[in-house]
Number of protein chains: 2
Amino acid sequence: MNEASRPSQSPATEKAAVGVWSPALTPFDDDLNPDATRFLSHARWLLDNGCHGLAVFGTTSEATSLTAQERKQLLEVLLADGVDPARLMVGTGCCAFPDSVDLTRHALANGCNKVLMLPPFYYKGVSDQGLIDSYSRIIEQVGDANLRIFFYHFPALSGVPITAGVIETLAAAYPGIIAGLKDSGGDADHTADLIGRFPDLAIFPGAETNLHAMLELGGAGCITASANVNASAIRALWESWQAQDGEAEQRQEHVRAIRKTIETEAMVPALKAVAAHYRDDDAWARVRPPLVSLAPDAATGLVAKLANNGFEFPDGADR
Amino acid sequence: MNEASRPSQSPATEKAAVGVWSPALTPFDDDLNPDATRFLSHARWLLDNGCHGLAVFGTTSEATSLTAQERKQLLEVLLADGVDPARLMVGTGCCAFPDSVDLTRHALANGCNKVLMLPPFYYKGVSDQGLIDSYSRIIEQVGDANLRIFFYHFPALSGVPITAGVIETLAAAYPGIIAGLKDSGGDADHTADLIGRFPDLAIFPGAETNLHAMLELGGAGCITASANVNASAIRALWESWQAQDGEAEQRQEHVRAIRKTIETEAMVPALKAVAAHYRDDDAWARVRPPLVSLAPDAATGLVAKLANNGFEFPDGADR
């Protein structure tokens, strides 16, 4: 792509967030309590090995399986260790709006102004007005102009799509505060449509599967589960695209193949199995119910398939 | 149905709960905080006008839109006023198991041993093992043999069906503690199947639509949203069935027609609109987002349709 045809917002420095972001896995101890030591170590390792930032408390983090208090404590562990709040996007969307207000205020009070916000996800078939009311009420009650909300569109799990109409209404009502969206819908056409409709927002595909194409269209980057184990390679794709070094498409094919391999198993248990294998640390394989850890055979098989596809676990510090 | 053919468990006195139960609506003040005064008044009125008991904090209660603290406070309001804990079934199922443990312990500590428990409802496509792990962990951590769990099967909203396999495994592992199920699946054949498979459990259809038939099969009664406004008529059906006075089927047709009329609008806003109309109290119409109150025209139309179908708002004390 030549300079003339590159989207004007690239490299999108005016967007509230860009680049390769990982919804960080949440490790658990043998009582299935959050393991703050491993969590911090993993977060540091991700930031040192390819991630521009971390979306803490997303789907891959088993966020909905954590209490509000557990989320707050884990966030505080990162910040107390000196993690830059600008490199964090905090998951704060709950079913009950006072809980979303509480978590969002906590993030802001700790210097984190970027939040990734699920819609309330119990009731289904809710109207656009219902979602507009939900987000508006949270924004009004939080009452902080520094807030930057990234909508979390994941209809296969939330059951509640965030429509273009909802985005448009809220972006007009709260310019600046409505900052972007993670599109985990898995439909590249939908992501491309949002990028086109909302050029001022940071639209992140929820996977690296079509990252190169989405960047070319003006996408902000990606917020992707598989970055938990493959951030370096995904970052290399990003850097090739930035440098226009001609290697981006080849790197795209590689990370897509790795992603597709991981997707042959349930995503969160699969990522934890890979982390457990490469760190030689079985504790990493633990998940909270209702998720179930991969059976040993499945974990071994996944690791073998990844190796066959040229996967290399990033070998940086603090892993 | 003659005596010889009646199910042996009828009138099912050995079950942990039977009869007509209402998932009580939660009223809100003008800041959308729970309105404890109206809540208590409504609960008393329901118990005085047809309900054997109340399933507080179900779907109709907008329970997932309430914080844990709000649920605890509302429950304490009922108990402080002397409501019999035996007539309460407390919704305690959350996405994060420590939250479910906390709410269940709170209910037990306050004398309420019956809980209606949603599965964790964010992740979809979870395995039976994942649900078995979820409920087992809660039961083990609560650690109280008096606990009586009623599964809350509402796949259209939770997205997570509670299969017969899950019920069977848990009922065998925790006999007595696994006490029953509310089937809000809307499929009478499925309810009938569960009644047949699990004769020792209290299986409640989630509506009165086919209550008579389900009672004949051995169902425990019903836990039904529409009892919030039509408990007297539903109770009359129950009593006719108990008395075998020959009027049960006629009463069934009446309450079914009322239910179908209410179902022409979104259930929770519809019930609140009806309550607001008959109590001449607009405050009753408030819902928390993502639900949206009925438009005035829709509310007026619903009330008119109900009147045309012979609906009468129970006119007892404490309304």
# chains A, B, ... in the order shown; residues from 1 in each chain; ligands from 1
$ closest_atom_pairs --of "chain B" --to "chain A" --cutoff "9 Å" --atoms "only C-alpha atoms" --output "JSON lines"
{"residue": "B:Thr59", "atom": "CA", "partner": "A:Tyr123", "partner_atom": "CA", "distance": 8.4}
{"residue": "B:Ala63", "atom": "CA", "partner": "A:Ala96", "partner_atom": "CA", "distance": 8.5}
{"residue": "B:Thr64", "atom": "CA", "partner": "A:Cys95", "partner_atom": "CA", "distance": 5.8}
{"residue": "B:Ser65", "atom": "CA", "partner": "A:Ala96", "partner_atom": "CA", "distance": 3.8}
{"residue": "B:Leu66", "atom": "CA", "partner": "A:Ala96", "partner_atom": "CA", "distance": 5.2}
{"residue": "B:Thr67", "atom": "CA", "partner": "A:Ala96", "partner_atom": "CA", "distance": 6.0}
{"residue": "B:Cys94", "atom": "CA", "partner": "A:Ser65", "partner_atom": "CA", "distance": 8.7}
{"residue": "B:Cys95", "atom": "CA", "partner": "A:Ser65", "partner_atom": "CA", "distance": 5.5}
{"residue": "B:Ala96", "atom": "CA", "partner": "A:Ser65", "partner_atom": "CA", "distance": 3.8}
{"residue": "B:Phe97", "atom": "CA", "partner": "A:Ser65", "partner_atom": "CA", "distance": 6.7}
{"residue": "B:Pro98", "atom": "CA", "partner": "A:Thr67", "partner_atom": "CA", "distance": 6.8}
{"residue": "B:Asp99", "atom": "CA", "partner": "A:Thr67", "partner_atom": "CA", "distance": 6.4}
{"residue": "B:Pro119", "atom": "CA", "partner": "A:Pro290", "partner_atom": "CA", "distance": 8.5}
{"residue": "B:Pro120", "atom": "CA", "partner": "A:Pro290", "partner_atom": "CA", "distance": 6.7}
{"residue": "B:Phe121", "atom": "CA", "partner": "A:Tyr122", "partner_atom": "CA", "distance": 7.3}
{"residue": "B:Tyr122", "atom": "CA", "partner": "A:Leu157", "partner_atom": "CA", "distance": 6.1}
{"residue": "B:Tyr123", "atom": "CA", "partner": "A:Leu157", "partner_atom": "CA", "distance": 5.7}
{"residue": "B:Lys124", "atom": "CA", "partner": "A:Leu157", "partner_atom": "CA", "distance": 5.8}
{"residue": "B:Val126", "atom": "CA", "partner": "A:Pro290", "partner_atom": "CA", "distance": 6.4}
{"residue": "B:Ser127", "atom": "CA", "partner": "A:Pro290", "partner_atom": "CA", "distance": 7.7}
{"residue": "B:Asp128", "atom": "CA", "partner": "A:Pro290", "partner_atom": "CA", "distance": 8.8}
{"residue": "B:Gln129", "atom": "CA", "partner": "A:Val292", "partner_atom": "CA", "distance": 7.3}
{"residue": "B:Gly130", "atom": "CA", "partner": "A:Pro290", "partner_atom": "CA", "distance": 4.1}
{"residue": "B:Leu131", "atom": "CA", "partner": "A:Pro290", "partner_atom": "CA", "distance": 5.5}
{"residue": "B:Ile132", "atom": "CA", "partner": "A:Pro290", "partner_atom": "CA", "distance": 8.2}
{"residue": "B:Asp133", "atom": "CA", "partner": "A:Pro289", "partner_atom": "CA", "distance": 5.9}
{"residue": "B:Ser134", "atom": "CA", "partner": "A:Pro289", "partner_atom": "CA", "distance": 5.1}
{"residue": "B:Tyr135", "atom": "CA", "partner": "A:Pro289", "partner_atom": "CA", "distance": 8.9}
{"residue": "B:Arg137", "atom": "CA", "partner": "A:Pro289", "partner_atom": "CA", "distance": 8.6}
{"residue": "B:Ala156", "atom": "CA", "partner": "A:Lys124", "partner_atom": "CA", "distance": 7.6}
{"residue": "B:Leu157", "atom": "CA", "partner": "A:Tyr123", "partner_atom": "CA", "distance": 5.7}
{"residue": "B:Ser158", "atom": "CA", "partner": "A:Tyr122", "partner_atom": "CA", "distance": 6.3}
{"residue": "B:Gly159", "atom": "CA", "partner": "A:Gly159", "partner_atom": "CA", "distance": 8.0}
{"residue": "B:Arg288", "atom": "CA", "partner": "A:Ser134", "partner_atom": "CA", "distance": 8.3}
{"residue": "B:Pro289", "atom": "CA", "partner": "A:Ser134", "partner_atom": "CA", "distance": 5.2}
{"residue": "B:Pro290", "atom": "CA", "partner": "A:Gly130", "partner_atom": "CA", "distance": 4.1}
{"residue": "B:Leu291", "atom": "CA", "partner": "A:Gly130", "partner_atom": "CA", "distance": 5.5}
{"residue": "B:Val292", "atom": "CA", "partner": "A:Gly130", "partner_atom": "CA", "distance": 5.7}
$ select_by_dssp --residues "region 40-203 of chain B" --states "strand (DSSP E or B)" --output "ChimeraX atom specification"
/B:53-56,88-91,114-117,148-153,175,178-183,202-203
$ atom_distance --atom1 "CA of Asp282 (chain A)" --atom2 "CA of Asn230 (chain A)"
19.2 Å
$ closest_residue --among "A:Thr191, A:Thr104, A:Asn210, A:Thr92" --to "Ala248 (chain A)" --atoms "only C-alpha atoms"
A:Asn210
$ residues_around --residues "Ala109 (chain B)" --least-positions-apart "3" --cutoff "12 Å" --atoms "only C-alpha atoms" --output "list in words"
Lys72, Leu75, Glu76, Leu79, Pro85, Val101, Asp102, Leu103, Thr104, Arg105, His106, Cys112, Asn113, Lys114, Val142, Asp144, Asn146 and Leu147 of chain B
$ write_last_selection --atoms "all heavy atoms" --output "CSV table (one decimal), in the first residue's frame"
chain,number,residue,atom,x,y,z
B,72,LYS,N,-29.0,-8.5,49.2
B,72,LYS,CA,-28.9,-8.8,50.6
B,72,LYS,C,-29.8,-7.9,51.5
B,72,LYS,O,-30.6,-8.3,52.3
B,72,LYS,CB,-27.5,-8.7,51.2
B,72,LYS,CG,-26.6,-9.8,50.6
B,72,LYS,CD,-25.2,-9.6,51.2
B,72,LYS,CE,-24.2,-10.6,50.6
B,72,LYS,NZ,-22.8,-10.4,51.2
B,75,LEU,N,-33.5,-8.7,50.9
B,75,LEU,CA,-33.9,-9.9,51.7
B,75,LEU,C,-34.1,-9.6,53.2
B,75,LEU,O,-35.0,-10.0,53.8
B,75,LEU,CB,-32.9,-11.0,51.4
B,75,LEU,CG,-33.2,-12.3,52.1
B,75,LEU,CD1,-34.5,-12.9,51.7
B,75,LEU,CD2,-32.0,-13.3,51.9
B,76,GLU,N,-33.1,-8.8,53.7
B,76,GLU,CA,-33.2,-8.5,55.1
B,76,GLU,C,-34.4,-7.7,55.5
B,76,GLU,O,-35.0,-7.8,56.6
B,76,GLU,CB,-31.9,-7.8,55.5
B,76,GLU,CG,-30.7,-8.7,55.5
B,76,GLU,CD,-29.4,-8.0,55.6
B,76,GLU,OE1,-29.4,-6.8,56.0
B,76,GLU,OE2,-28.3,-8.7,55.3
B,79,LEU,N,-37.3,-10.2,55.9
B,79,LEU,CA,-37.2,-11.0,57.1
B,79,LEU,C,-37.3,-10.1,58.4
B,79,LEU,O,-38.0,-10.6,59.4
B,79,LEU,CB,-35.8,-11.7,57.1
B,79,LEU,CG,-35.6,-12.6,55.9
B,79,LEU,CD1,-34.2,-13.1,55.8
B,79,LEU,CD2,-36.5,-13.8,56.1
B,85,PRO,N,-39.2,-17.3,56.4
B,85,PRO,CA,-38.1,-17.7,55.5
B,85,PRO,C,-38.5,-18.9,54.7
B,85,PRO,O,-38.0,-19.1,53.6
B,85,PRO,CB,-36.9,-17.9,56.4
B,85,PRO,CG,-37.2,-17.4,57.7
B,85,PRO,CD,-38.7,-17.2,57.8
B,101,VAL,N,-21.5,-18.3,46.3
B,101,VAL,CA,-21.2,-18.8,47.6
B,101,VAL,C,-21.6,-17.7,48.7
B,101,VAL,O,-22.3,-18.0,49.6
B,101,VAL,CB,-19.8,-19.2,47.8
B,101,VAL,CG1,-19.4,-19.4,49.3
B,101,VAL,CG2,-19.4,-20.4,46.9
B,102,ASP,N,-21.2,-16.5,48.4
B,102,ASP,CA,-21.5,-15.4,49.3
B,102,ASP,C,-23.0,-15.2,49.5
B,102,ASP,O,-23.5,-15.1,50.6
B,102,ASP,CB,-20.8,-14.1,48.8
B,102,ASP,CG,-21.1,-12.9,49.7
B,102,ASP,OD1,-20.9,-13.0,50.9
B,102,ASP,OD2,-21.6,-11.9,49.1
B,103,LEU,N,-23.7,-15.1,48.4
B,103,LEU,CA,-25.2,-14.9,48.5
B,103,LEU,C,-25.9,-16.1,49.1
B,103,LEU,O,-26.9,-15.9,49.9
B,103,LEU,CB,-25.8,-14.6,47.1
B,103,LEU,CG,-25.4,-13.2,46.5
B,103,LEU,CD1,-26.0,-13.1,45.1
B,103,LEU,CD2,-26.0,-12.1,47.4
B,104,THR,N,-25.4,-17.2,48.8
B,104,THR,CA,-26.1,-18.4,49.4
B,104,THR,C,-25.8,-18.5,50.9
B,104,THR,O,-26.8,-18.8,51.7
B,104,THR,CB,-25.6,-19.7,48.7
B,104,THR,OG1,-25.8,-19.6,47.3
B,104,THR,CG2,-26.2,-20.9,49.2
B,105,ARG,N,-24.6,-18.2,51.3
B,105,ARG,CA,-24.3,-18.2,52.8
B,105,ARG,C,-25.2,-17.1,53.5
B,105,ARG,O,-25.7,-17.3,54.6
B,105,ARG,CB,-22.8,-17.9,53.0
B,105,ARG,CG,-21.9,-19.1,52.8
B,105,ARG,CD,-20.5,-18.7,53.1
B,105,ARG,NE,-19.6,-19.9,53.0
B,105,ARG,CZ,-18.3,-19.8,52.8
B,105,ARG,NH1,-17.7,-18.6,52.6
B,105,ARG,NH2,-17.6,-20.9,52.7
B,106,HIS,N,-25.3,-16.0,52.8
B,106,HIS,CA,-26.1,-14.9,53.4
B,106,HIS,C,-27.6,-15.4,53.6
B,106,HIS,O,-28.2,-15.1,54.7
B,106,HIS,CB,-26.1,-13.7,52.5
B,106,HIS,CG,-27.0,-12.6,53.0
B,106,HIS,ND1,-28.2,-12.4,52.6
B,106,HIS,CD2,-26.8,-11.6,54.0
B,106,HIS,CE1,-28.8,-11.3,53.2
B,106,HIS,NE2,-27.9,-10.9,54.0
B,112,CYS,N,-33.0,-18.7,55.4
B,112,CYS,CA,-33.5,-19.1,54.1
B,112,CYS,C,-32.7,-20.2,53.5
B,112,CYS,O,-31.6,-20.0,53.1
B,112,CYS,CB,-33.6,-17.9,53.2
B,112,CYS,SG,-34.5,-16.5,53.7
B,113,ASN,N,-33.2,-21.4,53.5
B,113,ASN,CA,-32.4,-22.5,53.0
B,113,ASN,C,-32.7,-22.9,51.5
B,113,ASN,O,-32.0,-23.7,51.0
B,113,ASN,CB,-32.5,-23.7,53.9
B,113,ASN,CG,-33.8,-24.5,53.8
B,113,ASN,OD1,-34.8,-23.9,53.4
B,113,ASN,ND2,-33.8,-25.8,54.0
B,114,LYS,N,-33.7,-22.3,51.0
B,114,LYS,CA,-34.1,-22.6,49.6
B,114,LYS,C,-33.5,-21.5,48.7
B,114,LYS,O,-33.8,-20.3,48.8
B,114,LYS,CB,-35.6,-22.7,49.4
B,114,LYS,CG,-36.2,-23.8,50.1
B,114,LYS,CD,-37.7,-24.0,49.8
B,114,LYS,CE,-38.6,-23.1,50.6
B,114,LYS,NZ,-38.7,-23.4,52.0
B,142,VAL,N,-20.1,-23.7,50.5
B,142,VAL,CA,-21.2,-23.3,51.4
B,142,VAL,C,-21.2,-24.2,52.6
B,142,VAL,O,-21.3,-23.8,53.8
B,142,VAL,CB,-22.6,-23.2,50.7
B,142,VAL,CG1,-23.7,-23.1,51.7
B,142,VAL,CG2,-22.6,-22.1,49.7
B,144,ASP,N,-23.3,-26.6,54.0
B,144,ASP,CA,-24.4,-26.6,54.9
B,144,ASP,C,-25.4,-27.6,54.4
B,144,ASP,O,-26.0,-27.5,53.3
B,144,ASP,CB,-25.1,-25.2,55.0
B,144,ASP,CG,-26.1,-25.1,56.1
B,144,ASP,OD1,-26.8,-26.1,56.4
B,144,ASP,OD2,-26.3,-24.0,56.6
B,146,ASN,N,-28.3,-28.2,55.2
B,146,ASN,CA,-29.7,-27.7,55.1
B,146,ASN,C,-30.0,-27.0,53.8
B,146,ASN,O,-31.2,-26.7,53.5
B,146,ASN,CB,-30.0,-26.6,56.3
B,146,ASN,CG,-30.1,-27.3,57.6
B,146,ASN,OD1,-30.6,-28.4,57.7
B,146,ASN,ND2,-29.5,-26.6,58.6
B,147,LEU,N,-29.0,-26.7,53.1
B,147,LEU,CA,-29.2,-26.1,51.8
B,147,LEU,C,-30.1,-26.9,50.9
B,147,LEU,O,-30.0,-28.1,50.8
B,147,LEU,CB,-27.8,-25.9,51.1
B,147,LEU,CG,-27.8,-25.2,49.7
B,147,LEU,CD1,-28.3,-23.8,49.7
B,147,LEU,CD2,-26.4,-25.2,49.2
$ residues_around --residues "Ser184 (chain B)" --least-positions-apart "5" --cutoff "8 Å" --atoms "only C-alpha atoms" --output "MDAnalysis selection string"
chainID B and resid 152:155 205:207
$ select_by_dssp --residues "region 98-149 of chain A" --states "helix (DSSP H, G or I)" --output "PDB file with N, CA, C and O atoms, in the first residue's frame"
ATOM      1  N   PRO A  98     -24.744  -0.511  38.779  1.00  0.00           N
ATOM      2  CA  PRO A  98     -23.926   0.022  39.887  1.00  0.00           C
ATOM      3  C   PRO A  98     -22.574  -0.700  40.014  1.00  0.00           C
ATOM      4  O   PRO A  98     -21.591  -0.095  40.455  1.00  0.00           O
ATOM      5  N   ASP A  99     -22.526  -1.971  39.627  1.00  0.00           N
ATOM      6  CA  ASP A  99     -21.249  -2.684  39.645  1.00  0.00           C
ATOM      7  C   ASP A  99     -20.306  -2.130  38.577  1.00  0.00           C
ATOM      8  O   ASP A  99     -19.102  -1.986  38.814  1.00  0.00           O
ATOM      9  N   SER A 100     -20.840  -1.831  37.399  1.00  0.00           N
ATOM     10  CA  SER A 100     -20.016  -1.248  36.338  1.00  0.00           C
ATOM     11  C   SER A 100     -19.504   0.132  36.751  1.00  0.00           C
ATOM     12  O   SER A 100     -18.351   0.479  36.483  1.00  0.00           O
ATOM     13  N   VAL A 101     -20.369   0.903  37.404  1.00  0.00           N
ATOM     14  CA  VAL A 101     -19.952   2.223  37.890  1.00  0.00           C
ATOM     15  C   VAL A 101     -18.827   2.065  38.912  1.00  0.00           C
ATOM     16  O   VAL A 101     -17.810   2.764  38.855  1.00  0.00           O
ATOM     17  N   ASP A 102     -19.003   1.141  39.820  1.00  0.00           N
ATOM     18  CA  ASP A 102     -18.013   0.930  40.881  1.00  0.00           C
ATOM     19  C   ASP A 102     -16.654   0.524  40.304  1.00  0.00           C
ATOM     20  O   ASP A 102     -15.616   1.088  40.674  1.00  0.00           O
ATOM     21  N   LEU A 103     -16.637  -0.431  39.395  1.00  0.00           N
ATOM     22  CA  LEU A 103     -15.360  -0.881  38.823  1.00  0.00           C
ATOM     23  C   LEU A 103     -14.726   0.218  37.968  1.00  0.00           C
ATOM     24  O   LEU A 103     -13.498   0.361  37.950  1.00  0.00           O
ATOM     25  N   THR A 104     -15.544   0.963  37.262  1.00  0.00           N
ATOM     26  CA  THR A 104     -15.005   2.031  36.413  1.00  0.00           C
ATOM     27  C   THR A 104     -14.411   3.145  37.267  1.00  0.00           C
ATOM     28  O   THR A 104     -13.319   3.657  36.975  1.00  0.00           O
ATOM     29  N   ARG A 105     -15.110   3.511  38.330  1.00  0.00           N
ATOM     30  CA  ARG A 105     -14.565   4.524  39.246  1.00  0.00           C
ATOM     31  C   ARG A 105     -13.258   4.050  39.862  1.00  0.00           C
ATOM     32  O   ARG A 105     -12.312   4.828  40.032  1.00  0.00           O
ATOM     33  N   HIS A 106     -13.206   2.774  40.215  1.00  0.00           N
ATOM     34  CA  HIS A 106     -11.977   2.232  40.802  1.00  0.00           C
ATOM     35  C   HIS A 106     -10.821   2.331  39.810  1.00  0.00           C
ATOM     36  O   HIS A 106      -9.699   2.717  40.174  1.00  0.00           O
ATOM     37  N   ALA A 107     -11.078   1.989  38.563  1.00  0.00           N
ATOM     38  CA  ALA A 107     -10.019   2.080  37.547  1.00  0.00           C
ATOM     39  C   ALA A 107      -9.536   3.521  37.416  1.00  0.00           C
ATOM     40  O   ALA A 107      -8.328   3.791  37.445  1.00  0.00           O
ATOM     41  N   LEU A 108     -10.480   4.440  37.297  1.00  0.00           N
ATOM     42  CA  LEU A 108     -10.111   5.856  37.146  1.00  0.00           C
ATOM     43  C   LEU A 108      -9.352   6.366  38.371  1.00  0.00           C
ATOM     44  O   LEU A 108      -8.357   7.096  38.242  1.00  0.00           O
ATOM     45  N   ALA A 109      -9.800   5.973  39.529  1.00  0.00           N
ATOM     46  CA  ALA A 109      -9.140   6.433  40.763  1.00  0.00           C
ATOM     47  C   ALA A 109      -7.707   5.929  40.833  1.00  0.00           C
ATOM     48  O   ALA A 109      -6.867   6.507  41.527  1.00  0.00           O
ATOM     49  N   ASP A 128     -32.028  -1.258  21.405  1.00  0.00           N
ATOM     50  CA  ASP A 128     -30.952  -0.263  21.354  1.00  0.00           C
ATOM     51  C   ASP A 128     -31.119   0.751  22.475  1.00  0.00           C
ATOM     52  O   ASP A 128     -30.146   1.155  23.123  1.00  0.00           O
ATOM     53  N   GLN A 129     -32.375   1.164  22.715  1.00  0.00           N
ATOM     54  CA  GLN A 129     -32.603   2.152  23.773  1.00  0.00           C
ATOM     55  C   GLN A 129     -32.139   1.623  25.128  1.00  0.00           C
ATOM     56  O   GLN A 129     -31.578   2.368  25.940  1.00  0.00           O
ATOM     57  N   GLY A 130     -32.369   0.345  25.367  1.00  0.00           N
ATOM     58  CA  GLY A 130     -31.949  -0.252  26.631  1.00  0.00           C
ATOM     59  C   GLY A 130     -30.434  -0.186  26.821  1.00  0.00           C
ATOM     60  O   GLY A 130     -29.945   0.072  27.928  1.00  0.00           O
ATOM     61  N   LEU A 131     -29.699  -0.424  25.727  1.00  0.00           N
ATOM     62  CA  LEU A 131     -28.235  -0.338  25.818  1.00  0.00           C
ATOM     63  C   LEU A 131     -27.772   1.107  25.935  1.00  0.00           C
ATOM     64  O   LEU A 131     -26.825   1.408  26.674  1.00  0.00           O
ATOM     65  N   ILE A 132     -28.425   1.977  25.210  1.00  0.00           N
ATOM     66  CA  ILE A 132     -28.078   3.404  25.321  1.00  0.00           C
ATOM     67  C   ILE A 132     -28.321   3.881  26.756  1.00  0.00           C
ATOM     68  O   ILE A 132     -27.480   4.560  27.352  1.00  0.00           O
ATOM     69  N   ASP A 133     -29.449   3.474  27.332  1.00  0.00           N
ATOM     70  CA  ASP A 133     -29.742   3.828  28.728  1.00  0.00           C
ATOM     71  C   ASP A 133     -28.662   3.279  29.667  1.00  0.00           C
ATOM     72  O   ASP A 133     -28.243   3.946  30.614  1.00  0.00           O
ATOM     73  N   SER A 134     -28.233   2.046  29.400  1.00  0.00           N
ATOM     74  CA  SER A 134     -27.245   1.403  30.279  1.00  0.00           C
ATOM     75  C   SER A 134     -25.934   2.173  30.283  1.00  0.00           C
ATOM     76  O   SER A 134     -25.414   2.554  31.343  1.00  0.00           O
ATOM     77  N   TYR A 135     -25.384   2.378  29.087  1.00  0.00           N
ATOM     78  CA  TYR A 135     -24.089   3.056  29.004  1.00  0.00           C
ATOM     79  C   TYR A 135     -24.203   4.519  29.462  1.00  0.00           C
ATOM     80  O   TYR A 135     -23.313   5.039  30.127  1.00  0.00           O
ATOM     81  N   SER A 136     -25.290   5.185  29.110  1.00  0.00           N
ATOM     82  CA  SER A 136     -25.461   6.587  29.507  1.00  0.00           C
ATOM     83  C   SER A 136     -25.460   6.722  31.019  1.00  0.00           C
ATOM     84  O   SER A 136     -24.827   7.615  31.582  1.00  0.00           O
ATOM     85  N   ARG A 137     -26.186   5.829  31.661  1.00  0.00           N
ATOM     86  CA  ARG A 137     -26.297   5.915  33.117  1.00  0.00           C
ATOM     87  C   ARG A 137     -24.931   5.717  33.772  1.00  0.00           C
ATOM     88  O   ARG A 137     -24.572   6.396  34.731  1.00  0.00           O
ATOM     89  N   ILE A 138     -24.168   4.763  33.239  1.00  0.00           N
ATOM     90  CA  ILE A 138     -22.828   4.527  33.800  1.00  0.00           C
ATOM     91  C   ILE A 138     -21.954   5.766  33.601  1.00  0.00           C
ATOM     92  O   ILE A 138     -21.282   6.226  34.530  1.00  0.00           O
ATOM     93  N   ILE A 139     -21.963   6.305  32.389  1.00  0.00           N
ATOM     94  CA  ILE A 139     -21.134   7.483  32.098  1.00  0.00           C
ATOM     95  C   ILE A 139     -21.522   8.646  32.998  1.00  0.00           C
ATOM     96  O   ILE A 139     -20.670   9.321  33.582  1.00  0.00           O
ATOM     97  N   GLU A 140     -22.816   8.877  33.135  1.00  0.00           N
ATOM     98  CA  GLU A 140     -23.283   9.994  33.955  1.00  0.00           C
ATOM     99  C   GLU A 140     -22.907   9.793  35.422  1.00  0.00           C
ATOM    100  O   GLU A 140     -22.485  10.731  36.100  1.00  0.00           O
ATOM    101  N   GLN A 141     -23.071   8.578  35.904  1.00  0.00           N
ATOM    102  CA  GLN A 141     -22.776   8.354  37.330  1.00  0.00           C
ATOM    103  C   GLN A 141     -21.275   8.397  37.596  1.00  0.00           C
ATOM    104  O   GLN A 141     -20.855   8.832  38.670  1.00  0.00           O
ATOM    105  N   VAL A 142     -20.477   7.905  36.659  1.00  0.00           N
ATOM    106  CA  VAL A 142     -19.025   7.987  36.840  1.00  0.00           C
ATOM    107  C   VAL A 142     -18.597   9.458  36.800  1.00  0.00           C
ATOM    108  O   VAL A 142     -17.772   9.899  37.611  1.00  0.00           O
TER     109      VAL A 142
END
